[in-house]
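K.L.:
One structure coming up, written as C-alpha cells, with questions to follow.
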Amino acid sequence: MISFDDAQQRLADAGVPIGTTEHVPLTQAAGRILAEVVVATLDLPPADNSAMDGYAIRATDFQPGVVLPIQERSFAGDKPQPLTPGHATRLFTGSIIPIGADTVIMQEDTEEADGEVKLLVAPRPGQHVRKRGEDTTTGRELIAAGTLLTAAHLTLLASQGVATVTVFTRLRMGILTTGDELVAPGEPRGEAQIYNSNGVMLATLATGLGAEVVHVLHAIDTKEDLQRALRTLVDDCDLVVSVGGVSVGERDLVKPAIEDLGGTLDLWKVKMKPGKPVALAHIDDTPIVCLPGNPVSAFAVFTLLVSPLIRRRQGRADIFPAVYAQTLRTEQPHQDDREEFLRVRASTATGGNVELTAFGQQGSGIISSLPWASGLARIPAGTAVYDGEKVAYYDFSRWLA
Ligand code: AMP
Ligand code: MG
C-alpha cells in the first residue's frame, strides 16, 4: 500500500515535458501552454492620455472661474499640438495629452461657449491623466513559460501587438478500455453485458485538459488483443491511459500484456477510496497509467492522480491545482482506513460560506453521483469527519482544466 500523496507525487514525476513547440495565431492560442516567456516590447499606454472626456490644461493656469481659449479639438487617435500656456485642448477618453499639459478637467466641471471653456471646479494637478507605462513598461516579463493561456492572457498579448505565440504541441493521448463484458453505446447489448462508459469519459476528460486524443481503443480480455491495442497506442501517443483489467483477477491481463511488450509495470495499491489498484508502466519511454475499471474510481483517480502528470507532460508550470478548506455537510460521519474522496456539491450557504454536501450514495458503482458533484472532498485516512468540519475540497473545474 502507498499513500495517496505519495502516489500523486510519483505519478506527477513519471513523465517529462514533451518539449516540442509550434507557433499559433493568437486567435487559436486559448487553452494552449505558452512555451516561451513573453516580455513587453511596448510601454502601455504608449503615451500619456486622458481618462475622461474634457479639457487638457496646465494646472497652474487654473483660477476659480477662469476662461481659457480652446486651442484645438483632439480625438482619440489624433496627435495634438503642444499646448500653448493659458490655453486648453478639448479632448476625449483615450486622446493623447498634448506636450505642456499636465491635467484634465472633465467636461461636467466646465462650460464651453464660443471657442472658450470656463473651468468651474479646481483640479488636483495631474488628475485624469493615464501615464505612459503605468500599466506595463518595455522589458517587463508579462507571462511566464508554462502558462495555460486564457482570454486574460490573450488580452494582454494583443495589447502588446503580439500576433503569434510559441506554444507546446498538444499532448497526444491514447485511451484503452478493456473487458469482455463491455459494448459500445449504440451497439446491441447482450444480457450479461454493460455499456462502455469509461471510453468517452476518459477521452472527454483528456480533451478538457487540452490534450489531443489520438485513439480510444477497446480490447477484450486476451493478451493478444491487449497487446495489439497497446502497440498502436504506444507508437502514436505521448501518454496512454488504460482502464480495467489491472487487478489480480484471472482475466486481468494488462500487466502481462505490458510486460510481454518489453514494458515495466509497477502495480500500486493506493490507500484511497474510490480507487486502489493503479499501475504505472513504461513501454519505450511512453508512460502508461492503468486505472481501476469502475467508472467512478476511474474518474476520481484520473482527476487526482493522472491530471498532474498530463499537465507536467504538457509543459505547464502549475501542475497541482489549488485545494480549498471548506465545510462539509453530511448526514453521517465519514471514516475509513484509506484516504476517502467523497463526491460533493459546493453551494453557498446563508452568510456566504461555501458548504460541501456529500452525495447520499458513495459506492464506487454509483455513476449518477458524477454529474451531480462539483468536486471531491478529502477525508483523511483513519480520521472521523463530522458534519460541519472543514475538509480539503478538490474542485473539478480546477482539477480538470
Ligand atoms: P476490472 O478492473 O476490469 O475488473 O473492472 C472493474 C469493474 O469496472 C467491473 O465491474 C467492470 O465491468 C467495470 N468496468 C471496467 N471497464 C469499464 C468501462 N469501460 N465502462 C464501464 N464499466 C467498466
Ligand atoms: Mg475487466
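Residues in the C-alpha cells are named by chain (A, B, ... in the order shown) and by number from 1 within that chain; ligands are numbered from 1 in the order shown.
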Using DSSP assignments from the backbone, pull out every residue in region 160-258 of chain A that falls under strand (DSSP E) and give it to me as a list in words.
P.N.:
Thr164, Val165, Thr166, Val167, Phe168, Arg172, Met173, Gly174, Ile175, Leu176, Thr177, Thr178, Leu182, Val183, Ile194, Tyr195, Glu212, Val213, Val214, His215, Val216, Leu217, His218, Ala219, Leu239, Val240, Val241, Ser242 and Val243 of chain A
K.L.:
From a DSSP calculation on the backbone, collect every residue of region 41-211 of chain A in helix (DSSP H, G or I) and output the set as number ranges by chain.
P.N.:
A: 59-61, 107-109, 151-159, 198-208
K.L.:
I'd like a table as a tab-separated table: residues in chain A with an atom no more than 6 Å from ligand 1, each row giving the shortest atom pair and its distance in Å to one decimal, only C-alpha atoms and all ligand atoms counted, sorted by chain and rising residue number.
P.N.:
```
residue	atom	partner	partner_atom_place_in_ligand_line	distance
A:Thr177	CA	ligand 1	19 (N)	5.1
A:Thr178	CA	ligand 1	16 (N)	5.8
A:Gly179	CA	ligand 1	3 (O)	5.8
A:Tyr195	CA	ligand 1	21 (C)	6.0
A:Asn196	CA	ligand 1	20 (N)	3.7
A:Ser197	CA	ligand 1	20 (N)	4.0
A:Asn198	CA	ligand 1	19 (N)	3.9
A:Gly199	CA	ligand 1	19 (N)	5.7
A:Gly244	CA	ligand 1	3 (O)	3.4
A:Gly245	CA	ligand 1	3 (O)	3.7
A:Val246	CA	ligand 1	2 (O)	5.7
A:Ser247	CA	ligand 1	2 (O)	5.9
A:Pro292	CA	ligand 1	2 (O)	4.9
A:Gly293	CA	ligand 1	15 (C)	3.6
A:Asn294	CA	ligand 1	8 (O)	3.5
A:Pro295	CA	ligand 1	22 (N)	5.6
```
K.L.:
Please compute the CA of Leu176 (chain A)-CA of Asp13 (chain A) distance, one decimal, in Å.
P.N.:
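Answer for the CA of Leu176 (chain A) to CA of Asp13 (chain A) separation: 21.9 Å.
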K.L.:
Write out as a PyMOL selection string the residues lying within 7 Å of His334 (chain A), counting only C-alpha atoms and excluding same-chain residues fewer than 5 positions away.
P.N.:
chain A and resi 384-386
K.L.:
Identify, on the basis of only C-alpha atoms, every residue whose closest approach to region 146-157 of chain A does not exceed 7 Å; exclude the query and any residue fewer than 3 positions from it along the same chain; express the result as JSON, numbers by chain.
P.N.:
{"A": [26, 29, 30, 31, 32, 33, 34, 35, 160, 161, 162, 315, 316, 317]}
K.L.:
Neighbouring residues of Leu267 (chain A) were defined as those with any atom within 7 Å, considering only C-alpha atoms; residues of the same chain fewer than 5 positions away were excluded. Please report them as a list of chain:residue names.
P.N.:
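The residues satisfying every condition are A:Val278, A:Ala279, A:Leu280.
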K.L.:
Given only C-alpha atoms and all ligand atoms as the basis, pick out the residue of A:Glu181, A:Asp266, A:Asp109, A:Glu212 nearest to ligand 2.
P.N.:
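Under the stated criterion, the closest residue is A:Glu181.
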K.L.:
Given the choices A:Pro69, A:Pro333, A:Gly100, A:Pro64, which gets closest to Ala122 (chain A) if the distance is worked out from only C-alpha atoms?
P.N.:
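Looking only at the distances to Ala122 (chain A), the closest residue turns out to be A:Pro64.
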K.L.:
Neighbouring residues of Arg140 (chain A) were defined as those with any atom within 12 Å, considering only C-alpha atoms; residues of the same chain fewer than 6 positions away were excluded. Please report them as a ChimeraX atom specification.
P.N.:
/A:37-44,133,160
K.L.:
So which one's closest to ligand 2, A:Glu191, A:Asp285, A:Asp337, A:Asp180? Using only C-alpha atoms and all ligand atoms, please.
P.N.:
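The closest residue to ligand 2 is A:Asp180.
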K.L.:
For the atom pair CA of Gly86 (chain A) and CA of Ala59 (chain A), what is the interatomic distance in Å to one decimal place?
P.N.:
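Answer for the CA of Gly86 (chain A) to CA of Ala59 (chain A) separation: 10.0 Å.
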K.L.:
Do you know which residues are at most 6 Å from region 20-25 of chain A counting only C-alpha atoms, after dropping those on the same chain fewer than 2 positions away, and could you put them as a PyMOL selection string?
P.N.:
chain A and resi 18+27-28+163-169
K.L.:
Could you check how far CA of Leu142 (chain A) sits from CA of Met52 (chain A), in Å to one decimal?
P.N.:
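About the pair CA of Leu142 (chain A) and CA of Met52 (chain A): they are 27.3 Å apart.
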K.L.:
Determine the nearest neighbour of ligand 2 from the options A:Ile288, A:Ile194, A:Val240, A:Val214, counting only C-alpha atoms and all ligand atoms.
P.N.:
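Under the stated criterion, the closest residue is A:Ile194.
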K.L.:
For each of A:Met106, A:Leu209, A:Leu171, A:Leu304, take the minimum atom-to-atom distance to Phe4 (chain A), counting only C-alpha atoms, then give the residue where this is smallest.
P.N.:
A:Leu304
K.L.:
For Val270 (chain A), which residue out of A:Val66, A:Ile310, A:Ala381, A:Leu83 is the nearest one, using only C-alpha atoms?
P.N.:
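Once distances to Val270 (chain A) are computed over only C-alpha atoms, the minimum belongs to A:Ala381.
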